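One file, target_3.txt, is given below (compact mmCIF, C-alpha atoms).
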# COMPACT_ATOMS: atom_id res chain seq x y z
CA MET K 299 -22.84 56.52 11.19
CA GLN K 300 -25.73 54.05 11.32
CA ARG K 301 -24.25 52.18 8.39
CA GLN K 302 -20.89 51.86 10.16
CA ARG K 303 -22.62 50.61 13.32
CA ASN K 304 -24.52 48.01 11.29
CA LEU K 305 -21.26 46.89 9.67
CA HIS K 306 -19.69 46.39 13.11
CA TRP K 307 -22.65 44.29 14.28
CA PHE K 308 -22.53 42.24 11.07
CA THR K 309 -18.81 41.57 11.51
CA PHE K 310 -19.38 40.57 15.13
CA ALA K 311 -22.19 38.17 14.15
CA VAL K 312 -20.04 36.54 11.47
CA ALA K 313 -17.18 36.10 13.96
CA VAL K 314 -19.53 34.42 16.47
CA ILE K 315 -20.85 32.03 13.81
CA VAL K 316 -17.35 31.10 12.63
CA LEU K 317 -16.15 30.57 16.19
CA ALA K 318 -19.12 28.32 16.96
CA ALA K 319 -18.36 26.21 13.90
CA VAL K 320 -14.62 25.96 14.51
CA ALA K 321 -14.67 25.39 18.28
CA PRO K 322 -15.69 21.70 18.07
CA LEU K 323 -12.95 21.06 15.53
CA LEU K 324 -10.33 22.66 17.75
CA ALA K 325 -11.46 20.61 20.71
CA ARG K 326 -11.51 17.35 18.76
CA LYS K 327 -8.55 15.05 19.19
CA PRO K 328 -6.67 14.06 16.03
CA GLN K 329 -7.94 10.77 14.64
CA GLU K 330 -4.47 9.37 14.19
CA ALA K 331 -3.21 10.29 17.62
CA ALA K 332 -1.70 7.25 19.33
CA PRO K 333 -2.81 6.25 22.81
CA PRO K 334 -0.48 7.21 25.65
CA ALA K 335 2.68 5.12 25.64
CA GLN K 336 2.67 2.41 28.26
CA GLY K 337 5.23 3.16 30.94
CA ALA K 338 5.89 6.76 29.93
CA ALA K 339 7.40 8.04 33.18
CA THR K 340 6.97 11.77 33.74
CA GLY K 341 10.18 13.56 34.65
CA ALA K 342 12.47 10.62 33.89
CA THR K 343 15.95 11.35 32.54
CA TYR K 344 18.38 9.47 30.32
CA VAL K 345 20.87 7.16 32.03
CA GLY K 346 22.81 5.90 28.99
CA ALA K 347 23.18 2.54 27.27
CA ASP K 348 25.93 1.34 29.65
CA THR K 349 23.43 1.42 32.52
CA CYS K 350 20.96 -0.60 30.42
CA ARG K 351 23.66 -3.13 29.60
CA GLY K 352 24.21 -3.87 33.28
CA CYS K 353 20.89 -5.76 33.42
CA HIS K 354 20.11 -6.46 29.77
CA GLU K 355 23.38 -7.91 28.51
CA ASP K 356 21.74 -10.35 26.05
CA GLN K 357 19.49 -7.73 24.48
CA PHE K 358 22.40 -5.31 24.24
CA LYS K 359 24.53 -7.83 22.32
CA GLN K 360 21.65 -8.57 19.97
CA ILE K 361 20.98 -4.97 19.02
CA GLU K 362 24.66 -4.06 18.92
CA MET K 363 25.06 -5.92 15.61
CA THR K 364 22.07 -4.29 13.91
CA PRO K 365 21.83 -0.92 12.13
CA HIS K 366 20.17 0.44 15.25
CA GLY K 367 23.21 -0.52 17.26
CA HIS K 368 25.54 1.16 14.79
CA ALA K 369 24.74 4.57 16.24
CA VAL K 370 21.63 4.98 14.09
CA LEU K 371 19.38 5.67 17.07
CA LYS K 372 20.55 8.73 18.94
CA THR K 373 18.55 10.61 21.51
CA ASN K 374 20.96 13.16 22.91
CA GLY K 375 23.39 13.02 20.02
CA THR K 376 25.46 10.05 21.24
CA SER K 377 25.12 6.34 20.59
CA ALA K 378 25.30 5.75 24.34
CA ASP K 379 21.61 6.62 24.51
CA MET K 380 20.49 4.21 21.79
CA CYS K 381 18.37 1.96 24.05
CA GLU K 382 16.44 4.90 25.43
CA ALA K 383 15.74 6.25 21.96
CA CYS K 384 13.11 3.50 21.65
CA HIS K 385 12.27 2.71 25.27
CA GLY K 386 12.28 6.26 26.62
CA PRO K 387 14.26 7.79 29.49
CA GLY K 388 15.26 5.06 31.96
CA SER K 389 16.00 6.80 35.24
CA ALA K 390 12.61 5.98 36.80
CA HIS K 391 12.93 2.39 35.61
CA VAL K 392 16.39 2.05 37.21
CA GLU K 393 15.39 3.75 40.45
CA GLY K 394 12.39 1.44 40.67
CA GLY K 395 14.61 -1.61 40.63
CA GLY K 396 13.66 -2.53 37.07
CA ASP K 397 9.99 -1.62 37.39
CA LYS K 398 8.60 -2.40 33.93
CA SER K 399 5.79 0.10 34.33
CA LYS K 400 8.36 2.94 34.38
CA ILE K 401 9.70 2.33 30.87
CA PHE K 402 8.20 2.01 27.42
CA ARG K 403 7.67 -1.69 26.69
CA PHE K 404 6.67 -2.87 23.24
CA ALA K 405 5.16 -6.11 24.53
CA GLY K 406 1.51 -5.63 25.40
CA THR K 407 1.37 -2.09 24.01
CA ALA K 408 -1.32 -1.01 21.55
CA PRO K 409 -0.26 -1.28 17.88
CA ALA K 410 -0.81 2.45 17.27
CA ALA K 411 1.48 3.35 20.18
CA ILE K 412 4.18 0.96 18.96
CA SER K 413 4.07 2.43 15.47
CA ALA K 414 4.13 5.97 16.84
CA GLN K 415 7.30 5.12 18.75
CA CYS K 416 9.00 3.83 15.59
CA LEU K 417 7.70 6.62 13.38
CA ALA K 418 9.21 9.20 15.70
CA CYS K 419 12.44 8.44 13.82
CA HIS K 420 11.27 6.73 10.65
CA GLY K 421 8.16 8.79 9.91
CA GLU K 422 9.98 11.39 7.84
CA SER K 423 11.28 8.97 5.23
CA HIS K 424 9.58 8.56 1.86
CA THR K 425 9.11 4.82 2.43
CA GLN K 426 7.48 4.83 5.87
CA GLY K 427 5.92 8.29 5.77
CA ASN K 428 2.51 7.03 4.56
CA PHE K 429 2.22 4.16 7.02
CA ARG K 430 -0.46 5.86 9.13
CA ARG K 431 -2.68 5.99 6.02
CA SER K 432 -2.06 2.36 5.04
CA MET K 433 -4.41 -0.59 5.33
CA HIS K 434 -1.90 -2.32 7.59
CA PHE K 435 -2.07 0.50 10.14
CA ARG K 436 -5.87 0.74 9.95
CA ASN K 437 -6.12 -3.01 10.60
CA GLY K 438 -3.99 -2.89 13.73
CA VAL K 439 -0.66 -4.05 12.28
CA ALA K 440 2.27 -2.64 14.24
CA CYS K 441 5.83 -2.13 13.04
CA THR K 442 7.05 -4.94 15.32
CA ASP K 443 4.71 -7.44 13.65
CA CYS K 444 7.06 -7.38 10.65
CA HIS K 445 10.29 -5.94 12.09
CA SER K 446 12.40 -7.03 15.05
CA PRO K 447 14.99 -4.53 16.30
CA HIS K 448 16.67 -7.13 18.54
CA LYS K 449 16.36 -10.52 16.84
CA PRO K 450 15.68 -10.17 13.11
CA LYS K 451 15.60 -13.35 11.04
CA GLN K 452 16.57 -11.33 7.98
CA GLN K 453 19.06 -8.49 8.33
CA ASP K 454 17.60 -6.55 5.40
CA PHE K 455 15.03 -4.24 6.99
CA LEU K 456 15.25 -6.24 10.27
CA LEU K 457 12.37 -8.50 9.26
CA VAL K 458 11.03 -11.13 11.66
CA ALA K 459 10.96 -13.68 8.81
CA LYS K 460 11.95 -13.95 5.18
CA THR K 461 9.56 -13.02 2.43
CA PRO K 462 7.25 -14.37 1.12
CA GLN K 463 6.70 -16.46 4.29
CA LEU K 464 6.31 -13.26 6.30
CA CYS K 465 3.52 -12.07 4.01
CA TYR K 466 1.88 -15.52 3.98
CA SER K 467 1.58 -15.44 7.77
CA CYS K 468 -1.33 -13.02 7.32
CA HIS K 469 -2.27 -13.36 3.66
CA SER K 470 -2.72 -17.12 3.65
CA GLU K 471 -5.49 -16.92 1.04
CA ILE K 472 -2.93 -15.71 -1.52
CA LYS K 473 -0.37 -18.46 -0.95
CA PRO K 474 -2.07 -21.18 -3.08
CA ASP K 475 -2.05 -18.90 -6.13
CA PHE K 476 1.72 -19.10 -6.34
CA SER K 477 1.57 -22.90 -6.58
CA LYS K 478 -0.64 -22.86 -9.67
CA PRO K 479 0.85 -23.92 -13.03
CA PHE K 480 1.23 -20.34 -14.26
CA HIS K 481 2.31 -17.83 -11.63
CA HIS K 482 4.73 -15.06 -10.82
CA LYS K 483 7.92 -16.62 -9.47
CA VAL K 484 7.51 -15.51 -5.86
CA ASN K 485 8.18 -18.87 -4.21
CA GLU K 486 11.25 -19.23 -6.43
CA ASN K 487 12.58 -15.91 -5.06
CA LEU K 488 12.73 -14.37 -8.53
CA VAL K 489 9.92 -11.95 -7.70
CA SER K 490 9.11 -10.50 -4.30
CA CYS K 491 5.76 -9.40 -2.88
CA THR K 492 7.32 -5.99 -2.26
CA ASP K 493 8.10 -5.57 -5.97
CA CYS K 494 4.39 -4.84 -6.46
CA HIS K 495 3.15 -4.00 -2.97
CA ASP K 496 4.40 -1.40 -0.49
CA ALA K 497 3.87 -2.57 3.08
CA HIS K 498 3.77 1.07 4.20
CA GLY K 499 1.81 2.42 1.23
CA GLU K 500 -1.59 4.09 1.12
CA ASN K 501 -2.83 2.95 -2.31
CA VAL K 502 -5.53 0.32 -2.85
CA ARG K 503 -4.07 -3.10 -1.96
CA GLN K 504 -0.98 -1.09 -1.03
CA LEU K 505 0.26 -1.25 -4.61
CA ARG K 506 3.37 0.65 -5.56
CA ALA K 507 1.43 2.53 -8.24
CA SER K 508 -2.13 3.55 -8.96
CA ALA K 509 -5.12 1.34 -8.23
CA ARG K 510 -5.37 0.74 -11.98
CA ASN K 511 -2.40 -1.64 -11.50
CA ASP K 512 -0.82 -1.23 -14.90
CA MET K 513 2.20 0.82 -13.83
CA VAL K 514 3.15 -1.99 -11.45
CA CYS K 515 2.98 -4.47 -14.31
CA PHE K 516 4.90 -2.28 -16.74
CA LYS K 517 7.96 -2.31 -14.51
CA CYS K 518 8.64 -5.77 -15.93
CA HIS K 519 6.36 -5.92 -18.99
CA SER K 520 7.56 -2.70 -20.59
CA ASP K 521 7.22 -4.15 -24.12
CA ILE K 522 3.42 -3.77 -23.98
CA GLN K 523 3.29 -0.41 -22.24
CA GLY K 524 2.74 1.90 -25.16
CA PRO K 525 1.58 4.59 -25.70
CA PHE K 526 -0.21 3.35 -28.79
CA ILE K 527 -2.17 5.21 -31.45
CA TYR K 528 -4.90 2.58 -31.20
CA GLU K 529 -5.40 1.59 -27.58
CA HIS K 530 -7.32 -1.36 -26.25
CA GLU K 531 -9.78 0.47 -24.01
CA PRO K 532 -9.83 -1.98 -21.06
CA VAL K 533 -6.05 -1.73 -20.69
CA ARG K 534 -6.26 2.05 -20.47
CA THR K 535 -9.34 2.33 -18.25
CA GLU K 536 -9.39 -0.78 -16.04
CA GLY K 537 -5.85 -2.06 -16.09
CA CYS K 538 -4.20 -5.38 -16.73
CA THR K 539 -6.30 -7.25 -14.19
CA VAL K 540 -9.39 -7.00 -16.39
CA CYS K 541 -7.95 -9.98 -18.29
CA HIS K 542 -5.15 -11.33 -16.07
CA THR K 543 -4.98 -12.59 -12.48
CA PRO K 544 -1.84 -11.09 -10.97
CA HIS K 545 -0.67 -13.83 -8.58
CA GLY K 546 -1.25 -17.09 -10.42
CA ALA K 547 -3.73 -19.08 -12.50
CA THR K 548 -4.32 -22.44 -14.14
CA THR K 549 -4.43 -20.78 -17.56
CA PRO K 550 -1.53 -19.66 -19.77
CA ARG K 551 -0.54 -16.01 -19.39
CA MET K 552 -2.54 -16.03 -16.16
CA LEU K 553 -5.72 -15.21 -18.08
CA LYS K 554 -9.07 -15.21 -16.30
CA ARG K 555 -10.59 -17.66 -18.81
CA ALA K 556 -9.11 -20.84 -20.23
CA ASN K 557 -10.69 -20.10 -23.60
CA VAL K 558 -9.50 -16.83 -25.12
CA ASN K 559 -12.72 -16.58 -27.11
CA LEU K 560 -14.81 -16.57 -23.93
CA LEU K 561 -12.55 -13.98 -22.35
CA CYS K 562 -13.00 -11.63 -25.30
CA LEU K 563 -16.77 -12.19 -25.46
CA GLY K 564 -17.01 -11.04 -21.86
CA CYS K 565 -16.85 -7.50 -23.32
CA HIS K 566 -17.42 -7.97 -27.05
CA SER K 567 -20.99 -8.99 -27.70
CA ASN K 568 -21.56 -11.81 -30.18
CA SER K 569 -23.92 -9.55 -32.15
CA PHE K 570 -23.60 -6.13 -33.68
CA ASP K 571 -24.45 -3.06 -31.65
CA THR K 572 -27.32 -1.39 -33.49
CA ARG K 573 -26.47 1.96 -31.92
CA ALA K 574 -23.03 1.86 -33.52
CA LEU K 575 -24.59 1.18 -36.97
CA SER K 576 -27.42 3.69 -36.66
CA ALA K 577 -27.09 7.01 -38.46
CA THR K 578 -29.04 8.69 -35.65
CA PRO K 579 -26.83 9.44 -32.66
CA PRO K 580 -28.17 8.70 -29.16
CA SER K 581 -30.05 11.50 -27.47
CA ARG K 582 -27.69 11.58 -24.50
CA ASP K 583 -24.10 12.81 -24.49
CA THR K 584 -22.12 10.45 -26.74
CA SER K 585 -19.04 10.84 -24.57
CA ILE K 586 -20.77 8.90 -21.78
CA ASP K 587 -23.08 6.75 -23.93
CA ALA K 588 -20.36 4.86 -25.78
CA PRO K 589 -21.57 1.93 -27.91
CA VAL K 590 -21.12 -1.60 -26.63
CA PRO K 591 -18.02 -3.22 -28.25
CA ILE K 592 -19.04 -5.15 -31.35
CA GLY K 593 -18.40 -8.87 -31.41
CA PRO K 594 -16.90 -10.82 -34.31
CA ALA K 595 -18.67 -10.58 -37.68
CA HIS K 596 -17.88 -14.19 -38.58
CA ASN K 597 -19.29 -17.31 -36.98
CA GLN K 598 -17.92 -18.79 -33.79
CA ALA K 599 -16.90 -22.20 -35.12
CA GLN K 600 -13.94 -23.77 -33.38
CA ARG K 601 -11.48 -22.71 -36.08
CA TYR K 602 -12.19 -19.04 -35.24
CA GLN K 603 -12.25 -19.30 -31.48
CA ASP K 604 -8.68 -18.17 -30.85
CA CYS K 605 -9.16 -14.43 -31.30
CA LEU K 606 -5.44 -13.79 -30.90
CA GLN K 607 -4.63 -15.59 -34.16
CA CYS K 608 -5.81 -12.47 -35.98
CA HIS K 609 -5.87 -9.80 -33.25
CA ALA K 610 -2.30 -10.58 -32.25
CA PHE K 611 -1.40 -7.14 -30.83
CA ILE K 612 -4.31 -6.90 -28.42
CA HIS K 613 -2.60 -4.56 -25.94
CA GLY K 614 -2.32 -1.82 -28.54
CA SER K 615 -1.23 -1.00 -32.06
CA ASN K 616 0.18 1.94 -33.98
CA THR K 617 -1.13 0.83 -37.40
CA SER K 618 -4.34 -1.18 -36.96
CA ASN K 619 -7.49 -0.17 -35.12
CA VAL K 620 -8.47 -3.85 -34.82
CA PHE K 621 -4.99 -4.83 -33.64
CA PHE K 622 -4.06 -6.94 -36.69
CA LYS K 623 -0.63 -5.34 -37.01
CA PRO K 624 1.87 -3.81 -34.53
Taking this structure as input, can you express it in the form of structure tokens?
Amino acid sequence: MQRQRNLHWFTFAVAVIVLAAVAPLLARKPQEAAPPAQGAATGATYVGADTCRGCHEDQFKQIEMTPHGHAVLKTNGTSADMCEACHGPGSAHVEGGGDKSKIFRFAGTAPAAISAQCLACHGESHTQGNFRRSMHFRNGVACTDCHSPHKPKQQDFLLVAKTPQLCYSCHSEIKPDFSKPFHHKVNENLVSCTDCHDAHGENVRQLRASARNDMVCFKCHSDIQGPFIYEHEPVRTEGCTVCHTPHGATTPRMLKRANVNLLCLGCHSNSFDTRALSATPPSRDTSIDAPVPIGPAHNQAQRYQDCLQCHAFIHGSNTSNVFFKP
């Protein structure tokens, strides 16, 4: 009997401790919750797009020719309510003689609230579903900074400007790279920023693949993808950008060094690694104490300074562990 009573008290004590730990979490507001929408009128009802058109004829004609106007936005199941799908119920706005404080207005509204309004419809899609976790969202970029439901300059995705100019409007530090002698053909409209970057994505630099970058590169450069029996370690562990600059460079193949020899010696020491030659293994775990890559055994006279003359298959090989053969 005493044991059962002690068990009851123990269970009660555990419940109190758990409740004390969980209570603050339950009371905490979600971090991604948007601020209250400006002009959200309590108790307002839908009046239909024809009522909106009576005062906003120009805006109605603009949106009528867009995908939104083609019955994409539906609030009560009919295209007649398309305006209020974005701006909220309009009865209070109409009864107030056009009072702007009684309707959701995108102008002057916090970026998080604007994005929340758009994501109410678009948040379930694979493309826009991660936007709240993206760097754009965390830096206060709203959907309407890139998209214009009423007056898009580019009908594809209702963009406010054509790419890459739209991207350059914020990422001006990247623009000069595409004017360098060797660059990806972005300004020539053969490659788009969105081929590599996802404006709504959550990865580092909002890349369309892992932060290692290589899967983005292999979409076009599939001939060097592998897998290979003998892999060049930097390609596998650090990605293509360990040797190449992705946007543009003054060097052929967009390499980080003008001299291939200097690029290789950035990892491969000009002298032998004594640990690699020693018969005594290091005291620590060899899996994490890998030897430093050995540099070339021959001298570094000018005739030998183009490493790729011999190590031609530097991305990987199936026959040569020093990448002499494919």
Separating CA of Pro550 (chain K) from CA of Asp475 (chain K), to the nearest tenth of an Å, is a gap of 13.7 Å
If we count all atoms listed in the file, what is near region 516-519 of chain K at a cut-off of 10 Å, once residues fewer than 5 positions away on the same chain are taken out, given as a PyMOL selection string?
chain K and resi 493-494+511+524+538
Which residue of K:Ser389, K:Gln453, K:Leu417, K:Ala411 approaches Ile361 (chain K) most closely, using all atoms listed in the file
K:Gln453
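Interatomic distance, CA of Leu456 (chain K) against CA of Cys416 (chain K): 13.0 Å.
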Closest of K:Pro624, K:Pro450, K:Gly564, K:Pro532 to Thr364 (chain K) - atom-to-atom distances counting all atoms listed in the file
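Checking each of K:Pro624, K:Pro450, K:Gly564, K:Pro532 against Thr364 (chain K), counting all atoms listed in the file, the winner is K:Pro450.
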Nearest to Lys359 (chain K), restricted to only C-alpha atoms and choosing among K:Ala342, K:Cys419, K:Ile412, K:Cys381, comes out as K:Cys381
Please, what distance in Å, to one decimal, runs between CA of Glu471 (chain K) and CA of Gly499 (chain K)?
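These two atoms are separated by 20.7 Å.
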I need the residue nearest Pro409 (chain K) from this list: K:Thr549, K:Asn437, K:Ser423, K:Asn619. Use only C-alpha atoms for the distance.
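Checking each candidate against Pro409 (chain K), we get K:Asn437 as the closest.
Here the question is which of K:His385, K:His391, K:Arg436, K:His448 gets nearest to Gln357 (chain K) using all atoms listed in the file, and that residue is K:His448.
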So which residues are close to (-16.5, -20.7, -26.8), meaning at most 9 Å away in the file's coordinates with all atoms listed in the file counted, and can you show them as a list in words?
Asn557, Val558, Asn559, Leu560, Leu561, Leu563, Gln598, Ala599, Gln600 and Gln603 of chain K
Of K:Asp348, K:His366, K:Asp521, K:Ala418, the one nearest to Gly386 (chain K) when counting only C-alpha atoms is K:Ala418
At a cut-off of 12 Å, using only C-alpha atoms, what residues contact Ile612 (chain K)? Leave out same-chain residues fewer than 6 positions from it and give the result as a list in words.
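My list of contacting residues is Ile522, Gln523, Gly524, Phe526, Tyr528, Glu529, His530, Glu531, Pro532, Val533, Cys538, Cys541, Val558, Cys562, Cys605, Leu606, Ser618, Asn619, Val620, Phe621, Phe622, Lys623 and Pro624 of chain K.
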Set up a box along x, y and z of the file covering all listed atoms of region 464-476 of chain K, add 6 Å on every one of the six sides, and write the centre and edge lengths in Å to one decimal, as AutoDock Vina command-line options.
--center_x 0.4 --center_y -16.6 --center_z 0.7 --size_x 23.8 --size_y 21.1 --size_z 26.1
Mind completing region 529-547 of chain K with N, CA and C atoms? Output as a CSV table (one decimal), in the frame of the given file, please?
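Here's the written file part.csv:
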chain,number,residue,atom,x,y,z
K,529,GLU,N,-5.5,2.2,-28.9
K,529,GLU,CA,-5.4,1.6,-27.6
K,529,GLU,C,-6.5,0.6,-27.4
K,530,HIS,N,-6.3,-0.5,-26.7
K,530,HIS,CA,-7.3,-1.4,-26.2
K,530,HIS,C,-7.9,-0.7,-25.0
K,531,GLU,N,-9.2,-0.3,-25.1
K,531,GLU,CA,-9.8,0.5,-24.0
K,531,GLU,C,-9.7,-0.1,-22.6
K,532,PRO,N,-9.9,-1.4,-22.4
K,532,PRO,CA,-9.8,-2.0,-21.1
K,532,PRO,C,-8.4,-1.8,-20.4
K,533,VAL,N,-7.4,-1.9,-21.2
K,533,VAL,CA,-6.0,-1.7,-20.7
K,533,VAL,C,-5.9,-0.3,-20.2
K,534,ARG,N,-6.4,0.7,-20.9
K,534,ARG,CA,-6.3,2.0,-20.5
K,534,ARG,C,-7.2,2.4,-19.3
K,535,THR,N,-8.4,1.9,-19.3
K,535,THR,CA,-9.3,2.3,-18.2
K,535,THR,C,-9.4,1.4,-17.0
K,536,GLU,N,-9.2,0.1,-17.2
K,536,GLU,CA,-9.4,-0.8,-16.0
K,536,GLU,C,-8.1,-1.4,-15.6
K,537,GLY,N,-7.1,-1.5,-16.5
K,537,GLY,CA,-5.8,-2.1,-16.1
K,537,GLY,C,-5.7,-3.5,-16.5
K,538,CYS,N,-4.5,-4.0,-16.3
K,538,CYS,CA,-4.2,-5.4,-16.7
K,538,CYS,C,-5.1,-6.5,-16.1
K,539,THR,N,-5.6,-6.2,-14.9
K,539,THR,CA,-6.3,-7.2,-14.2
K,539,THR,C,-7.7,-7.5,-14.8
K,540,VAL,N,-8.1,-6.7,-15.7
K,540,VAL,CA,-9.4,-7.0,-16.4
K,540,VAL,C,-9.3,-8.3,-17.1
K,541,CYS,N,-8.1,-8.7,-17.6
K,541,CYS,CA,-8.0,-10.0,-18.3
K,541,CYS,C,-7.1,-11.0,-17.5
K,542,HIS,N,-6.1,-10.5,-16.7
K,542,HIS,CA,-5.2,-11.3,-16.1
K,542,HIS,C,-5.4,-11.4,-14.6
K,543,THR,N,-5.0,-12.5,-13.9
K,543,THR,CA,-5.0,-12.6,-12.5
K,543,THR,C,-3.5,-12.4,-12.1
K,544,PRO,N,-3.2,-11.5,-11.2
K,544,PRO,CA,-1.8,-11.1,-11.0
K,544,PRO,C,-1.0,-12.1,-10.2
K,545,HIS,N,-1.5,-12.9,-9.4
K,545,HIS,CA,-0.7,-13.8,-8.6
K,545,HIS,C,-0.4,-15.2,-9.3
K,546,GLY,N,-1.4,-15.8,-9.8
K,546,GLY,CA,-1.2,-17.1,-10.4
K,546,GLY,C,-2.6,-17.6,-10.9
K,547,ALA,N,-2.5,-18.5,-11.9
K,547,ALA,CA,-3.7,-19.1,-12.5
K,547,ALA,C,-3.4,-20.4,-13.1
